[in-house]
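What follows is a set of notes on a single structure, which appears directly below.
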Amino acid sequence: MVVNSVHWFRKGLRLHDNPALQEALNGADTVRCVYILDPWFAGSANVGINRWRFLLESLEDLDTSLRKLNSRLFVVRGQPADVFPRLFKEWNVTRLTFEYDSEPYGKERDAAIIKMAQEYGVETLVRNTHTLYSPDRIIEMNNHSPPLTFKRFQAIVNRLELPRKPLPTITQEQMARCRTRILDNHDERYGVPSLEELGFKTFKGDSSHVWKGGETEALERLNKHLDRKAWVANFERPRINAQSLFASPTGLSPYLRFGCLSCRVFYYNLRDLYMKLRRHSSPPLSLFGQLLWREFFYTAATNNPNFDRMEGNPICVQIPWDHNPEALAKWAEGRTGFPWIDAIMTQLRQEGWIHHLARHAVACFLTRGDLWISWESGMKVFEELLLDADWSVNAGSWMWLSCSAFFQQFFHCYCPVGFGRRTDPSGDYIRRYIPKLKDYPNRYIYEPWNAPESVQKEANCIVGVDYPKPMINHAESSRLNIERMKQVYQQLSHYRGLSELKEVLLHKSW
Amino acid sequence: MFSRAHVPARHRLSIRIWQNFAAKQIRVFWDGMPFYVDEEAWNKMKRGRSKCQHFTPSEGRKKRHRSVPPAHVQTGSSASQRPTEETWGSLPHHVVLHIFQHLSLVDRARASSVCRRWNEVFHIPELWRRFEFELNQPATSYLRSTHPDLIQQIIKRHAQHLQYVSFKVDSCTESAEAACNILSQLVNCTIKTLGLISTARPSFMDVSQSHFVSALTVVFVNSKSLSSIKIDDTPVDDPSLKVLVANNSDTLKLLKMSSCPHVSPAGILCVADQCHGLRELALNYHLLSDELLLALSSEKHVHLEHLRIDVVSENPGQTQFHAIKKSSWDALIHHSPQVSIVMYFFLYEEEFEPFFCEETPVTHLYFGRAVSKDMLGRIGMNCPRLVELVVCANGLEPLDEELIRIAERCTSLTAIGLGECEVTCSGFMEFVKMCGGRLSQLSIMEEVLIPDNTYSIEQIHSEVSKHLGRIWFPDMMPTW
């Protein structure tokens, strides 16, 4: 029997550790790797140019790697539900493979595709490799509900076996056994689109982007990341300093999100390095902090289609957020008048990545700290701009940071002046992303409105003219907001606070 | 058991009754919605069955006219009569009332249009003692508003029944104005509790002061038995407080008025002087005076239970904070030894100078912004009554010494929260050992703890848990 395989790339944009792709190659006569993309949709989707660029670069990288194996990437324009019937017929497909998507929308889409494939007599093989563990397994082990505190999640992970070991990359031999028929007009029909095709305007020489997409880049960064860890030989979470705020050449989060880097490869590399340097002692869970947070949110979201909104979301506290589009726009565009917040939002828009503490700062400012605007609005802005924002992780993080879920304490509010100053006393971060303020002395750069007129004139930047005035009074707003939060939590049934501050320090449930 | 209540065709509904003997409540499904009936009430109703009818769908309209005396509970004697019919429409009033009290307002409103009897129950005064008016505009809030028709009904038929009233408004001025309009119409009422709550921006402050004050005065003058008033972030002023005092001095027990910029120290002093039953007070620091503390400690005054003081800065250097004499604090404690004194600080570091120079009897301290190491040292020295301490931020120098001093001298400390601070793991361990099991709330952000030679982060979790006698871990934030 002839086996014609199609491997469907969605995330998992890599050739290493890709069991689903291996299944496609296994005993196949022909294999085609496809990515389905709808250019019309691109214009309306809430996805910014940096994310598209990263994706297109990742697709280019895949295409290049496949070329070396005498194959190509087929970027098919359209929607999966329309595209697949056509491809099934045209290519006589008998086997379809793809990586498991645990998100509710993904599961629904995939169920429909699997059903349709069955009707066409196509065998479907799905493999779970986007997460270290199976979310369903974790849920099962937690009495059939997802763990809602990180500690509980860690406790369950502790009881699990190690994640499955990663597979090596696709080899020439494997590919040689199957053929991919490449037509002359492949580039025209199935080539990776450009940003222009998706409706974005780019400028000549606009190569200032910091994060280059693709598996090749991901694996290089992994090596550098491990080198740095080995050099430091200290696996504790590094304390944040001014340097951490800038994009790191060893940062991996966008690559994990798109699947350019396998999370298992990352996991095992870290583990092996630790055991080598610490003489075979077992690594603590905290070593994998970044990866486990990702797992936590995927698990929490997998069975909750309303995970990304407040209304109808069983785990989300209903908070009477304010509806204020003007204020939201100021925040999203970095015009709040607080240099710390504005610099962070500027870096986010320009580069697509900000440090996790910077995320805490702006999320707190938008929601429970200052503006009292719904976390859903913030989540949408991050979705557009942030390279590593995945549906589950993004929504979950926003709920966490706005104290809407996961039993969070709401007393620790980040000050938009003080927190920035403590993190980067030099002010270099501000100067880099808000050049207008570069001549302000360190004393006033985080609160330029307090600088005397002479200082403002000398710095060539008058507050209210060249740079906006602060949009709120932080002391007032944080005072009001802590009262709001208390009001909300006082009405919850699990609240048992008695004295004044016990209302602020919530009882956590295990 | 499945029975169809007597209802006009357009209101036909099905009621399924399901008795759960495990819980002490009966769950009744009405129109697809569940609500609970207390088992006792249910049994009372069943015992009264002989007086009620059982109505099956096949029976015609005639049967339902069999007479049923209202509100009479059958006692055991007629148990021999095994009744076979019941009708929902003739349930005793008190049973329907009991059921209605478990329903939400929306469900009750729906139920009230089922039949005349249920409609009567809907308007029983007991159901209108408590009401929360929600006033929101679609442009500024995601929340729904109390229906204007319902508001009209309440003002017309139930104003005199209202006793515990609150208004929740969003950040739109219109909503606050609507609240004031309703207030102005509550003329014949005996309100005991009044709460004006802004759920987002303080929109009451945008209402014209005269409009607000006249609306509030209506309630102050007419109620004459106000016991609890919550009017934070409103433009209430000294004259309105005078009116409050003139009419409610015997009954006033609780007054929360943080951030009311139009009130002066004299205004609040008037309240303290005349309302001797005042037990709970919340205000801003600029209203606090030695005279006020002495007035609250006068012989005629009851024991004060709760005093909350908000200390808020405008801009650095622009607000001078006066000092309160130690003797005034001493008088307060002498008069009310159990009083909770809660202080919320929202100041810049430089503005703390006047505070905690001498012994201060504060019990709960919340620092919403950064507070200096020195200040925390002073608190350890001068706040022996301290029960709870929350520090949002400090700086980059370890607070070991200060924490240990607090553990030593604040022997009533049971709750502590630390945000952006630094404490070495050893220092933290010593703090925990000294406080021991009395720490019922230990909320420390993960980044606060600095591992050292003695303890790593992992070790801290287990050591602290051991000393506290329960599982403990720091507060975490996603590092993704």
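The chains in the structure tokens are called A, B, ... from first to last as shown; in each chain the residues are counted from 1, and the ligands are counted from 1 in the order shown.
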Inset, instruction - Quick one: everything within 8 Å of B:Leu244, counting only C-alpha atoms, minus sequence neighbours fewer than 5 positions away in the same chain. Send it as a list in words. - result: Thr217, Phe220, Val221 and Ser249 of chain B
Hey, could you make a per-residue contact list for chain A against chain B with 6 Å as the cut-off, showing the nearest pair of atoms and its distance in Å to one decimal, counting only C-alpha atoms, sorted by chain and number, as CSV?
```
residue,atom,partner,partner_atom,distance
A:Gln290,CA,B:Trp480,CA,5.3
A:Asp322,CA,B:Ser141,CA,5.5
A:His323,CA,B:Thr140,CA,4.4
A:His356,CA,B:Thr479,CA,5.7
A:His412,CA,B:Cys392,CA,4.9
A:Ala475,CA,B:Phe346,CA,5.5
```
Inset, instruction - Point out the residue among A:Gly334, A:Gly199, A:Gly312, A:Pro254 with the least atom-to-atom distance to A:Arg51, counting only C-alpha atoms. - result: A:Pro254
Legend entry - Neighbour list for B:Val464 as an MDAnalysis selection string, cut-off 12 Å, only C-alpha atoms, skip fewer than 2 positions in-chain: chainID B and resid 425:437 439 442 444 455 457:462 466:474
Can you write just those residues out, N, CA and C atoms, as a compact mmCIF listing (two decimals), in the first residue's frame?
```txt
# COMPACT_ATOMS: atom_id res chain seq x y z
N CYS B 425 18.20 34.51 54.16
CA CYS B 425 17.48 33.33 54.65
C CYS B 425 17.75 33.09 56.13
N SER B 426 19.00 33.31 56.57
CA SER B 426 19.30 33.10 58.00
C SER B 426 18.53 34.08 58.85
N GLY B 427 18.53 35.35 58.44
CA GLY B 427 17.80 36.36 59.19
C GLY B 427 16.33 36.01 59.27
N PHE B 428 15.80 35.56 58.15
CA PHE B 428 14.39 35.21 58.10
C PHE B 428 14.08 34.05 59.04
N MET B 429 14.96 33.05 59.01
CA MET B 429 14.77 31.89 59.89
C MET B 429 14.74 32.33 61.34
N GLU B 430 15.65 33.22 61.70
CA GLU B 430 15.68 33.66 63.09
C GLU B 430 14.39 34.37 63.45
N PHE B 431 13.94 35.21 62.53
CA PHE B 431 12.67 35.91 62.75
C PHE B 431 11.54 34.92 63.00
N VAL B 432 11.47 33.90 62.15
CA VAL B 432 10.39 32.91 62.28
C VAL B 432 10.51 32.14 63.59
N LYS B 433 11.75 31.81 63.94
CA LYS B 433 11.94 31.06 65.20
C LYS B 433 11.46 31.89 66.38
N MET B 434 11.78 33.18 66.34
CA MET B 434 11.40 34.02 67.47
C MET B 434 9.89 34.21 67.56
N CYS B 435 9.25 34.30 66.41
CA CYS B 435 7.79 34.49 66.45
C CYS B 435 7.07 33.17 66.67
N GLY B 436 7.62 32.11 66.10
CA GLY B 436 7.03 30.80 66.31
C GLY B 436 5.61 30.71 65.79
N GLY B 437 4.82 29.93 66.49
CA GLY B 437 3.48 29.62 66.01
C GLY B 437 2.52 30.79 66.00
N LEU B 439 2.65 33.35 64.31
CA LEU B 439 2.51 33.92 62.97
C LEU B 439 1.45 33.15 62.18
N LEU B 442 1.95 34.58 57.05
CA LEU B 442 3.33 34.92 56.68
C LEU B 442 3.38 34.96 55.17
N ILE B 444 5.33 36.19 52.17
CA ILE B 444 6.61 36.74 51.74
C ILE B 444 6.77 36.44 50.26
N TYR B 455 21.40 28.61 54.47
CA TYR B 455 20.12 28.12 53.94
C TYR B 455 19.98 28.41 52.47
N ILE B 457 17.00 28.22 49.23
CA ILE B 457 15.55 28.47 49.14
C ILE B 457 14.75 27.21 49.50
N GLU B 458 15.21 26.10 48.99
CA GLU B 458 14.46 24.85 49.27
C GLU B 458 14.43 24.56 50.76
N GLN B 459 15.60 24.76 51.42
CA GLN B 459 15.67 24.45 52.84
C GLN B 459 14.76 25.36 53.64
N ILE B 460 14.69 26.60 53.22
CA ILE B 460 13.84 27.57 53.93
C ILE B 460 12.40 27.07 54.00
N HIS B 461 11.89 26.55 52.88
CA HIS B 461 10.48 26.11 52.87
C HIS B 461 10.24 25.11 53.97
N SER B 462 11.09 24.11 54.04
CA SER B 462 10.82 23.04 55.01
C SER B 462 11.09 23.51 56.44
N LYS B 466 8.33 23.71 59.43
CA LYS B 466 8.50 23.01 60.71
C LYS B 466 8.18 23.94 61.87
N HIS B 467 8.75 25.14 61.83
CA HIS B 467 8.58 26.04 62.97
C HIS B 467 7.16 26.56 63.10
N LEU B 468 6.50 26.69 61.98
CA LEU B 468 5.14 27.20 62.06
C LEU B 468 4.14 26.09 62.36
N GLY B 469 4.57 24.86 62.14
CA GLY B 469 3.65 23.75 62.36
C GLY B 469 2.62 23.61 61.25
N ARG B 470 2.92 24.11 60.08
CA ARG B 470 2.01 23.93 58.95
C ARG B 470 2.84 24.12 57.67
N ILE B 471 2.28 23.70 56.54
CA ILE B 471 3.01 23.84 55.28
C ILE B 471 3.08 25.32 54.91
N TRP B 472 4.27 25.78 54.60
CA TRP B 472 4.45 27.19 54.23
C TRP B 472 5.30 27.29 52.99
N PHE B 473 4.98 28.23 52.16
CA PHE B 473 5.85 28.53 51.03
C PHE B 473 5.67 30.00 50.69
N PRO B 474 6.67 30.60 50.06
CA PRO B 474 6.56 32.03 49.74
C PRO B 474 5.57 32.26 48.59
```
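Near A:Thr149, within a cut-off of 12 Å and counting only C-alpha atoms, sit the residues A:Asn142, A:Gln154, A:Ala155, A:Ile156, A:Trp293, A:Phe296, A:Phe297, A:Thr299, A:Ala300, A:Ile315, A:Gly396, A:Trp400, A:Ala405, A:Phe406, A:Phe407, A:Gln408, A:Lys508, A:Ser509, A:Trp510, B:Phe473, B:Pro474, B:Asp475, B:Met476, B:Met477, B:Pro478, with same-chain residues fewer than 5 positions away left out.
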Contact check, stretch 141-208 of chain A to stretch 18-38 of chain A, at most 10 Å, counting only C-alpha atoms, closest pairs as a tab-separated table:
```
residue	atom	partner	partner_atom	distance
A:Pro166	CA	A:Asn18	CA	8.1
A:Leu167	CA	A:Asn18	CA	6.7
A:Pro168	CA	A:Asn18	CA	8.1
A:Thr169	CA	A:Asn18	CA	7.4
A:Ile170	CA	A:Gln22	CA	7.2
A:Thr171	CA	A:Gln22	CA	10.0
A:Gln174	CA	A:Leu25	CA	6.8
A:Met175	CA	A:Leu25	CA	7.0
A:Ala176	CA	A:Leu25	CA	9.7
A:Arg177	CA	A:Asp29	CA	7.1
A:Cys178	CA	A:Asp29	CA	4.7
A:Arg179	CA	A:Thr30	CA	4.6
A:Thr180	CA	A:Thr30	CA	5.5
A:Arg181	CA	A:Thr30	CA	7.8
A:Ile182	CA	A:Arg32	CA	9.5
A:Tyr190	CA	A:Val34	CA	8.9
A:Val192	CA	A:Tyr35	CA	9.2
A:Pro193	CA	A:Leu37	CA	9.1
A:Leu198	CA	A:Asp38	CA	8.8
```
Can those selected residues be exported to a file as a PDB file, in the first residue's frame so that it contains C-alpha atoms?
```
ATOM      1  CA  PRO A 166      13.714  13.960  23.157  1.00  0.00           C
ATOM      2  CA  LEU A 167      14.201  12.337  19.771  1.00  0.00           C
ATOM      3  CA  PRO A 168      17.109  13.293  17.543  1.00  0.00           C
ATOM      4  CA  THR A 169      16.614  15.352  14.445  1.00  0.00           C
ATOM      5  CA  ILE A 170      15.426  14.014  11.106  1.00  0.00           C
ATOM      6  CA  THR A 171      18.282  12.458   9.159  1.00  0.00           C
ATOM      7  CA  GLN A 174      15.052   8.930   6.886  1.00  0.00           C
ATOM      8  CA  MET A 175      14.168  11.499   4.266  1.00  0.00           C
ATOM      9  CA  ALA A 176      15.846   9.590   1.488  1.00  0.00           C
ATOM     10  CA  ARG A 177      13.444   6.717   1.943  1.00  0.00           C
ATOM     11  CA  CYS A 178      10.562   9.023   1.142  1.00  0.00           C
ATOM     12  CA  ARG A 179      10.352  11.396  -1.754  1.00  0.00           C
ATOM     13  CA  THR A 180       8.847  14.821  -1.955  1.00  0.00           C
ATOM     14  CA  ARG A 181       7.861  15.885  -5.391  1.00  0.00           C
ATOM     15  CA  ILE A 182       8.762  19.535  -5.775  1.00  0.00           C
ATOM     16  CA  TYR A 190       3.913  27.225  -1.629  1.00  0.00           C
ATOM     17  CA  VAL A 192       6.983  31.325   2.574  1.00  0.00           C
ATOM     18  CA  PRO A 193       5.114  34.633   2.248  1.00  0.00           C
ATOM     19  CA  LEU A 198       0.521  39.790   4.703  1.00  0.00           C
TER      20      LEU A 198
END
```
